[in-house]
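Structure, as structure tokens:
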Amino acid sequence: MTNPTKIRARVTVTLKNGVLDPQGKAIESALTSLGVEGVEGVRQGKLFDIELAPAEAERARELLTAACEKLLANTVIENYRIELVEG
Amino acid sequence: MTNPTKIRARVTVTLKNGVLDPQGKAIESALTSLGVEGVEGVRQGKLFDIELAPAEAERARELLTAACEKLLANTVIENYRIELVEG
Amino acid sequence: MKAAVIVFPGSNREGDVARALKQAGADVTTVWHADTELPPGTDLAVLPGGFSYGDYLRCGAIAGRASVMDAVRAHAARGGLVLGICNGFQILCESGLLPGVLMRNAGLHFICRRQFLRVERNDTAFTRAYAAGQAIDVAIAHGEGNYVADEETLARLEGDGRVAFRYADRDGAVTPAANPNGSLNNIAGIYSEKLNVLGLMPHPENLIDDLVGGTDGRGLFQSLLAA
Amino acid sequence: MTVKEPAITPELVASHGLTPDEYERFKALIGREPTFTELGIVSAMWNEHCSYKSSRIHLKGLPTKAPWVIQGPGENAGVIDIGDGLACVFKMESHNHPSFIEPYQGATTGVGGILRDVFTMGARPVAALNSLRFGAPEHPRTRHLVSGVVAGIGGYGNSFGVPTVAGSVGFHTRYDGNILVNAMAVGIARTDGIFYSAATGVGNPIVYLGSKTGRDGIHGATMASAEFDENSEEKRPTVQVGDPFAEKLLLEACLELMQTGSVIAIQDMGAAGLTCSAVEMGAKGGLGVELDLDAVPCREEGMTAYEMMLSESQERMLMVLDPARQAEAEAIFRKWGLDFAVVGHTTDTLRFVVRHQGEVKADLPIRELGDEAPLYDRPWNEPVRPAVLDPTTVAAPVSNTEALIRLVGSPDLASKRWVWEQYDHLILGNTVQTPGGDAAIVRIEDGPKGLALTTDVTPRYCEADPVEGGRQAVAETWRNITAVGGKPLAVTDNLNFGNPERPDIMGQFVGCLRGISEACVALDFPIVSGNVSLYNETQGRAILPTPTIGGVGLVDDVTVHATLAFKRAGDVVLLVGETAGWLGQSVYLRDVAGREEGAPPPVDLAAERRNGDFVRGLIHGGRVSAVHDLSDGGLLVGLAEMALASGIGATLDPAPAELPSHAFWFGEDQARYIVTATADEADAIVAQAREAGVPLRRIGATGGDALRLGADEAISIEDLRRAHESWLPDYMAAAAS
Ligand SMILES: Nc1ncnc2c1ncn2[C@@H]1O[C@H](COP(=O)(O)OP(=O)(O)O)[C@@H](O)[C@H]1O
Ligand SMILES: [Mg+2]
């Protein structure tokens with residue numbers, strides 16, 4: 001039984017365009033050498049599945065924005081996106 | 001100008017239920033101590049934005065599944081999901 | 001010289017750097033991450049190596065936002081000396097005291113080995129005991145030391161002489177082969193604008209003893225003591 | 001919400017790894033049918049991993065005593081006295097099966113577990129070692145396993161902050177389905193600050209410390225003792241995830257707490273978590289234990305008593321605390337951000353009582369859970385000793401220099417730099433000898449003392465002749481410590497074998513133990529801790545018998561030690577020990593001649609001791625410039641390693657006429673060392689050896705940039721280096737498919 005008003009959100013953090021991604025590059029060449037054909041680019045990002053105490057959607061968005069700005073994303077090199085999932 | 005038939009996909013990799021997520025735990029308590037209220041759980045995952053050479057959607061899915069099984073996901077402890085984004 | 005070594009949960013080279021500082025004659029105290037002030041009279045704040053908060057999320061990210069970092073920022077703003085080694089360098093970047101980021105090593109592996117560095121200039125508080133252009137033999141031990149900054153930042157760092165150390169070969173030549181982790185321009189360490197904050201990936205504190213590898217790391221601590 | 005517990009059927013009993021006889025024994029012991037939770041508890045206590053039911057009777061005879069042994073086997077780790085009020089605490093443990101299933105997490109949790117064993121005793125870890133065996137390089141899973149295991153060992157140790165200073169890596173097709181990951185940890189404590197696991201005092205609180213409990217590795221300990229079958233990959237969800245960050249906090253918090261004098265007893269939660277730790281603390285102290293599971297910090301919702309008792313969540317400890325100091329203790333744990341919960345207390349009933357949500361879930365006699373565990377004297381076959389191989393019957397398929405280059409670039413002998421560069425071996429600033437030498441040397445804080453550390457075993461010798469192989473593993477460990485100038489003090493072992501229910505495997509086990517015992521006695525090298533890992537077998541194919549030995553020696557003054565690198569041109573090269581050209585079971589025979597046969601080289605323990613003591617004396621007298629012991633690959637491989645470490649070559653006298661030259665250069669006769677010295681010193685050493693009855697001969701001089709064998713064969717150090725350094729990185733970089 002999940003609490004119906006509990007908030008679930010997914011935050012995705014991706015590298016800004018133009019920022020080098022050594023890990024993505026390495027994965028790209030590893031995939032190619034593993035025989036996965038046609039891979040022309042890989043960029044790695046992070047995601048966070050977050051549970052919040054019950055709150056209005058707007059308030060939840062505020063809190064999640066604060067979480068991203070304060071910690072989850074390094075806004076010098078990363079973009080973030082917040083999605084609220086149904087509770 | 002992007003090639004209209006080039007395939008873009010997003011692969012998300014998340015920890016299976018019940019698998020310990022030390023990162024998520026540390027992030028959760030950091031958010032709380034940074035004053036973000038109401039955070040009741042954080043699970044961290046990975047995402048990969050992948051570009052593939054033009055191919056049928058079905059073939060692309062096959063290739064991406066191979067990529068996940070061989071490299072992107074540790075299927076012992078992680079689940080993965082493949083989404084094809086419009087080209 | 002009063003040095004404050006700041007300990008975060010997960011720091012693990014605080015003892016190593018304290019030993020190097022004491023050897024050079026510093027008076028060393030440790031400061032807990034939850035503290036909000038540095039001890040009165042602190043000349044040098046040190047962020048040691050390790051895996052603060054497990055290096056979870058991004059290396060140095062959580063530590064960069066710990067309450068003690070406000071005190072470190074204030075100390076730096078007053079012109080006080082700040083030294084961040086390895087994880088400490090990552091924390092300085094994450095806290096905004098130094099520009100750029102440290103990304104995963106190009107080879108994707110953690111690397112622990114001896115490494116030569118070229119000392120770019122010897123007119124700072126951190127390097128006066130070395131010669132400019134000197135190659136020193138220290139150690140590296142990191143998984144995410146690949147220094148990246150945008151073009152503009154990089155140009156500014158280079159133009160202002162803010163690169164402190166570069167990965168080099170034993171003759172001091174800065175070559176791609178001598179770059180262990182893919183850092184732009186072989187950058188191993190950088191200064192803040194006023195040259196009072198230094199962040200570097202390598203571990204001079206582990207080369208202070210002939211029995212344990214050599215003594216090329218001592219110069220950095222001796223420089224600070226002369227400051 | 002209560003979960004209905006399954007009825008106990010013969011199938012359920014079997015799925016808990018208990019035989020019908022064992023189940024009957026348990027029922028007789030408690031005088032009734034067990035509850036589901038009790039079944040779980042007994043399955044954990046009585047499986048091979050916790051009860052040592054197949055090995056116990058054979059372990060009894062091991063030599064475990066010496067005046068410097070403070071604590072032998074039976075505690076979390078062994079303890080020896082190293083003088084100045086200090087003790088060295090160490091142990092080795094396997095994480096073989098988990099690492100095969102999930103190499104990264106399996107290795108991390110292996111390292112985490114062994115570090116916990118050491119700091120539970122009050123010691124601060126100062127070094128970690130490991131011994132790894134993988135399948136054939138061409139096996140499709142090998143690369144993935146190497147990559148994950150190495151990253152996992154580094155991932156944990158590097159973050160925890162302990163230098164990983166030595167180890168070994170080998171490959172053989174017999175490990176294709178069962179790799180070995182043996183991890184060793186070494187710590188330093190004050191002799192008056194050692195903590196034990198026996199509870200004392202009735203009514204004292206039992207405190208849970210560390211991370212929360214989840215459904216990790218339930219039945220992990222059972223898995224560790226189960227033979228693999230083709231379905232084993234389905235057991236995946238039992239994988240535990242390591243959190244080195246939590247463990248680092250646990251270390252600091254425990255050491256801080258121990259300083260306060262409030263800890264009465266402490267035990268880490270390893271295999272079978274709460275069950276094993278609570279039962280052991282009570283049984284050892286002659287007390288009962290009552291647990292209230294409602295107080296256990298849980299990570300997941302709705303965990304049952306059964307799950308909590310069997311969870312193998314990592315980074316947890318159990319402690320008996322002085323009730324007067326509870327608040328002080330709790331404050332320390334809160335400061336480090338760790339869970340601290342009183343989950344029970346000691347009683348005088350000698351019962352193990354578990355309560356959950358108002359119900360008694362288990363009520364068992366505590367001593368009998370351990371003492372009355374099944375004990376098997378399994379039938380075993382005396383191994384058939386192979387015939388000695390006459391070296392004159394082994395033709396040399398290639399020239400000696402060609403053979404050398406093949407050997408230094410072969411999987412077993414190639415440089416393992418790719419591995420140890422992923423381990424932080426420099427942290428703490430005390431690593432006097434890094435990986436790459438015969439034994440690592442770690443200085444004890446500000447010196448002058450240091451520890452010499454190594455792990456060794458030669459599985460192919462053990463397979464051919466378990467007794468000789470057991471002796472050799474101990475002798476090589478002793479020799480490696482000696483070669484750096486250390487005085488060997490004590491060992492830990494990790495006995496990795498196949499299915500003990502097969503008499504041939506049991507024969508290997510018994511034979512190896514006999515050899516190990518003999519060598520430990522002869523070399524004054526007691527066993528103070530260890531671990532047994534059985535059932536390393538897939539579809540009836542067992543691993544090579546692999547009794548890994550971890551050795552600890554003392555270096556009185558770290559400024560006086562030896563390294564293997566040649567120091568200068570013009571030194572005389574001396575060979576200590578007898579060379580009979582023993583090719584049986586040598587790597588030359590296997591990797592160059594393509595044969596695996598013959599008896600392994602005999603180990604003359606008296607000669608080991610005499611030659612080793614002689615060499616150590618030379619080191620202490622400052623009379624030799626470089627020292628290296630000889631093992632895999634024999635004399636020429638040893639010389640090549642000395643040249644590679646220095647960039648200085650050597651010119652060697654031709655092989656003596658009475659032996660085939662390849663037998664002289666590559667034979668694996670034991671009890672041998674190479675030392676170098678100045679010409680004057682060499683004369684004195686030769687004379688002294690003659691007096692002491694130590695076989696010693698001049699075999700050449702250092703210099704140049706090649707190894708020259710007599711007048712007509714030479715090989716450059718550059719060529720050797722390329723072969724030696726490239727195999728592993730090239731192998732790991734090659735595309736997997
Ligand atoms: N897994 C490992 N971890 C750390 N060091 C290792 C590992 N494997 C090998 N080494 C190091 O490489 C060197 C050579 O190992 P090995 O060939 O097994 O030595 P030996 O035959 O003298 O016992 C040793 O210094 C050893 O400690
Ligand atoms: Mg050796």
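Every chain in the structure tokens has a letter given in the order shown (A, B, ...), and although residue numbers restart at 1 in each chain, ligands are simply numbered from 1 in the order shown.
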message: At a cut-off of 8 Å, which residues of chain B touch chain C? Count only C-alpha atoms and give the answer as an MDAnalysis selection string.
response: chainID B and resid 22:23 26:27 30 34
field: Residues of chain B within 10 Å of chain D, counting only C-alpha atoms, as a ChimeraX atom specification
entry: /B:16-23,26,29,70,74-78
message: Taking only C-alpha atoms and all ligand atoms into account, list the residues no farther than 6 Å from ligand 1, as a ChimeraX atom specification.
response: /D:130-131,165-169,413,416,420,435-439,456,631
- request: Please determine the contact residues of chain D with respect to chain C at a cut-off of 7 Å, counting only C-alpha atoms, and supply them as a VMD selection string.
  value: chain D and resid 159 161 245 248 to 249 421 to 424 427 to 432 559
Mind listing the residues within 9 Å of ligand 2, only C-alpha atoms and all ligand atoms counted, as a short mmCIF file (atom, residue, chain, number, x, y, z; two decimals) with C-alpha atoms, in the first residue's frame?
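Writing done, so here's out-v2.cif:
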data_model
loop_
_atom_site.label_atom_id
_atom_site.label_comp_id
_atom_site.auth_asym_id
_atom_site.auth_seq_id
_atom_site.Cartn_x
_atom_site.Cartn_y
_atom_site.Cartn_z
CA GLY D 437 58.81 -7.01 -4.83
CA ASP D 438 58.96 -10.32 -2.99
CA ALA D 439 57.00 -9.08 -0.01
CA THR D 454 52.90 -11.57 1.28
CA ASP D 456 51.55 -17.33 -1.78
CA GLU D 476 57.46 -19.74 -0.29
CA THR D 477 55.64 -17.36 2.01
CA ARG D 479 61.02 -17.17 1.79
CA ASN D 480 59.33 -14.06 0.41
CA ILE D 481 59.37 -12.43 3.83
CA ALA D 483 64.01 -12.08 0.95
CA HIS D 628 65.25 -12.17 -4.72
CA ASP D 629 63.84 -15.57 -3.90
CA LEU D 630 63.30 -18.10 -6.67
CA SER D 631 59.95 -19.67 -7.35
CA ASP D 632 57.83 -19.94 -10.53
CA GLY D 638 64.21 -14.60 -11.19
#
- request: Write out as a list in words the residues lying within 12 Å of Pro297 of chain D, counting only C-alpha atoms and excluding same-chain residues fewer than 5 positions away.
  value: Val207, Tyr208, Leu209, Gly210, Ser211, Lys212, Thr213, Gly214, Asp292, Gly302, Met303, Met308, Ser313, Arg316, Leu338, Asp339, Phe340, Ala341, Val342 and Val343 of chain D
query: Do you know which residues are at most 12 Å from Arg78 of chain C counting only C-alpha atoms, after dropping those on the same chain fewer than 2 positions away, and could you put them as a list in words?
result: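 In the requested form, the answer reads Thr42, Asp43, Leu44, Ala71, Val72, Arg73, Ala74, His75, Ala76, Gly80, Leu81, Val82, Lys194, Asn196 and Val197 of chain C.
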task: Select all residues from chain A having any atom no more than 10 Å from an atom of chain B (counting only C-alpha atoms, ignoring ligands), output as a VMD selection string.
output: chain A and resid 6 to 14 24 27 to 28 30 to 32 34 to 55 60 62 to 68 70 to 72
Kindly export the residues of the current selection with N, CA and C atoms, as a short mmCIF file (atom, residue, chain, number, x, y, z; two decimals), in the first residue's frame.
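Saved to result-v5.cif:
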data_model
loop_
_atom_site.label_atom_id
_atom_site.label_comp_id
_atom_site.auth_asym_id
_atom_site.auth_seq_id
_atom_site.Cartn_x
_atom_site.Cartn_y
_atom_site.Cartn_z
N LYS A 6 1.93 10.74 -1.32
CA LYS A 6 3.39 10.83 -1.32
C LYS A 6 3.84 11.21 -2.74
N ILE A 7 4.87 12.01 -2.84
CA ILE A 7 5.28 12.47 -4.16
C ILE A 7 6.49 11.68 -4.64
N ARG A 8 6.41 11.24 -5.87
CA ARG A 8 7.56 10.58 -6.48
C ARG A 8 8.01 11.41 -7.66
N ALA A 9 9.29 11.64 -7.73
CA ALA A 9 9.80 12.46 -8.84
C ALA A 9 11.03 11.81 -9.44
N ARG A 10 11.23 12.09 -10.69
CA ARG A 10 12.48 11.64 -11.32
C ARG A 10 13.21 12.89 -11.80
N VAL A 11 14.46 13.02 -11.34
CA VAL A 11 15.30 14.13 -11.78
C VAL A 11 16.36 13.56 -12.70
N THR A 12 16.48 14.12 -13.89
CA THR A 12 17.55 13.67 -14.78
C THR A 12 18.58 14.78 -14.92
N VAL A 13 19.83 14.39 -14.86
CA VAL A 13 20.92 15.36 -14.95
C VAL A 13 21.80 14.94 -16.13
N THR A 14 21.96 15.83 -17.08
CA THR A 14 22.76 15.50 -18.26
C THR A 14 23.84 16.55 -18.46
N GLY A 24 31.43 8.72 -21.55
CA GLY A 24 30.57 8.41 -22.69
C GLY A 24 31.41 7.95 -23.88
N ILE A 27 32.61 4.46 -23.31
CA ILE A 27 31.52 3.50 -23.47
C ILE A 27 31.24 3.28 -24.95
N GLU A 28 31.26 4.38 -25.70
CA GLU A 28 31.03 4.29 -27.13
C GLU A 28 32.01 3.33 -27.78
N ALA A 30 33.82 1.06 -26.32
CA ALA A 30 33.66 -0.30 -25.78
C ALA A 30 32.51 -1.01 -26.48
N LEU A 31 31.41 -0.27 -26.71
CA LEU A 31 30.26 -0.90 -27.38
C LEU A 31 30.66 -1.36 -28.78
N THR A 32 31.38 -0.50 -29.46
CA THR A 32 31.80 -0.86 -30.80
C THR A 32 32.67 -2.11 -30.77
N LEU A 34 32.62 -4.36 -28.62
CA LEU A 34 31.80 -5.52 -28.22
C LEU A 34 30.91 -5.99 -29.36
N GLY A 35 30.99 -5.30 -30.48
CA GLY A 35 30.24 -5.76 -31.64
C GLY A 35 28.84 -5.16 -31.75
N VAL A 36 28.56 -4.12 -30.95
CA VAL A 36 27.27 -3.45 -31.12
C VAL A 36 27.45 -2.44 -32.25
N GLU A 37 26.73 -2.65 -33.34
CA GLU A 37 26.98 -1.85 -34.55
C GLU A 37 26.27 -0.51 -34.52
N GLY A 38 26.86 0.42 -35.22
CA GLY A 38 26.15 1.67 -35.53
C GLY A 38 26.13 2.70 -34.42
N VAL A 39 26.85 2.47 -33.34
CA VAL A 39 26.82 3.44 -32.25
C VAL A 39 27.62 4.68 -32.68
N GLU A 40 26.96 5.83 -32.69
CA GLU A 40 27.64 7.03 -33.19
C GLU A 40 27.85 8.07 -32.10
N GLY A 41 27.39 7.78 -30.92
CA GLY A 41 27.62 8.74 -29.85
C GLY A 41 26.95 8.27 -28.58
N VAL A 42 27.65 8.46 -27.45
CA VAL A 42 27.06 8.12 -26.16
C VAL A 42 27.37 9.26 -25.21
N ARG A 43 26.35 9.74 -24.51
CA ARG A 43 26.56 10.71 -23.43
C ARG A 43 25.93 10.12 -22.19
N GLN A 44 26.70 10.13 -21.12
CA GLN A 44 26.17 9.53 -19.90
C GLN A 44 25.59 10.59 -18.98
N GLY A 45 24.50 10.28 -18.34
CA GLY A 45 23.91 11.19 -17.38
C GLY A 45 23.50 10.43 -16.13
N LYS A 46 22.83 11.16 -15.23
CA LYS A 46 22.42 10.53 -13.98
C LYS A 46 20.93 10.69 -13.82
N LEU A 47 20.33 9.83 -13.05
CA LEU A 47 18.95 10.07 -12.68
C LEU A 47 18.75 9.78 -11.21
N PHE A 48 17.80 10.48 -10.65
CA PHE A 48 17.50 10.33 -9.23
C PHE A 48 16.00 10.11 -9.09
N ASP A 49 15.63 9.01 -8.47
CA ASP A 49 14.24 8.79 -8.15
C ASP A 49 14.05 9.20 -6.70
N ILE A 50 13.22 10.22 -6.53
CA ILE A 50 13.12 10.85 -5.21
C ILE A 50 11.71 10.73 -4.67
N GLU A 51 11.61 10.37 -3.42
CA GLU A 51 10.31 10.38 -2.74
C GLU A 51 10.25 11.57 -1.80
N LEU A 52 9.15 12.30 -1.91
CA LEU A 52 8.97 13.46 -1.04
C LEU A 52 7.73 13.26 -0.19
N ALA A 53 7.76 13.86 0.98
CA ALA A 53 6.56 13.85 1.83
C ALA A 53 5.44 14.55 1.06
N PRO A 54 4.20 14.19 1.35
CA PRO A 54 3.07 14.78 0.66
C PRO A 54 3.18 16.30 0.61
N ALA A 55 2.92 16.88 -0.55
CA ALA A 55 2.99 18.33 -0.72
C ALA A 55 2.26 18.68 -2.01
N ALA A 60 6.40 20.93 -4.32
CA ALA A 60 7.32 19.83 -4.59
C ALA A 60 8.34 20.25 -5.64
N GLU A 62 9.34 23.23 -6.28
CA GLU A 62 10.27 24.18 -5.66
C GLU A 62 11.37 23.46 -4.90
N LEU A 63 10.91 22.47 -4.11
CA LEU A 63 11.90 21.73 -3.30
C LEU A 63 12.89 20.99 -4.20
N LEU A 64 12.37 20.41 -5.28
CA LEU A 64 13.25 19.64 -6.16
C LEU A 64 14.19 20.57 -6.93
N THR A 65 13.69 21.74 -7.26
CA THR A 65 14.57 22.70 -7.93
C THR A 65 15.71 23.10 -6.99
N ALA A 66 15.33 23.31 -5.73
CA ALA A 66 16.37 23.63 -4.75
C ALA A 66 17.37 22.49 -4.65
N ALA A 67 16.87 21.26 -4.64
CA ALA A 67 17.76 20.10 -4.54
C ALA A 67 18.74 20.08 -5.71
N CYS A 68 18.24 20.37 -6.90
CA CYS A 68 19.11 20.36 -8.08
C CYS A 68 20.13 21.47 -8.01
N LYS A 70 21.18 23.18 -5.46
CA LYS A 70 22.12 23.12 -4.33
C LYS A 70 23.07 21.94 -4.43
N LEU A 71 22.62 20.86 -5.05
CA LEU A 71 23.45 19.67 -4.95
C LEU A 71 23.44 18.75 -6.17
N LEU A 72 22.27 18.40 -6.65
CA LEU A 72 22.21 17.27 -7.58
C LEU A 72 22.92 17.54 -8.90
#
task: Can you check which residues of segment 72-272 of chain D DSSP gives as strand (DSSP E or B) on the backbone and send them as an MDAnalysis selection string?
output: chainID D and resid 73 75 78:83 86:94 124:134 164:171 180:190 205:210 213 228 263:268
message: According to DSSP computed on the backbone, where in segment 5-56 of chain A is there helix (DSSP H, G or I)? Give the residues as a list in words.
response: Pro22, Gln23, Gly24, Lys25, Ala26, Ile27, Glu28, Ser29, Ala30, Leu31, Thr32 and Ser33 of chain A
task: Name all residues at most 9 Å from segment 175-187 of chain C (count only C-alpha atoms; drop same-chain ones fewer than 4 positions away) and give them as a PyMOL selection string.
output: (chain A and resi 22) or (chain C and resi 102-108+111+115-116+140+143-149+154+163-169+200)
Contacts of Thr124 of chain C within 9 Å, only C-alpha atoms, excl. fewer than 4 positions in-chain, as a ChimeraX atom specification: /C:128,195-196,223,227
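In this model, the gap between atom CA of Leu707 of chain D and atom CA of Leu652 of chain D comes to 7.5 Å.
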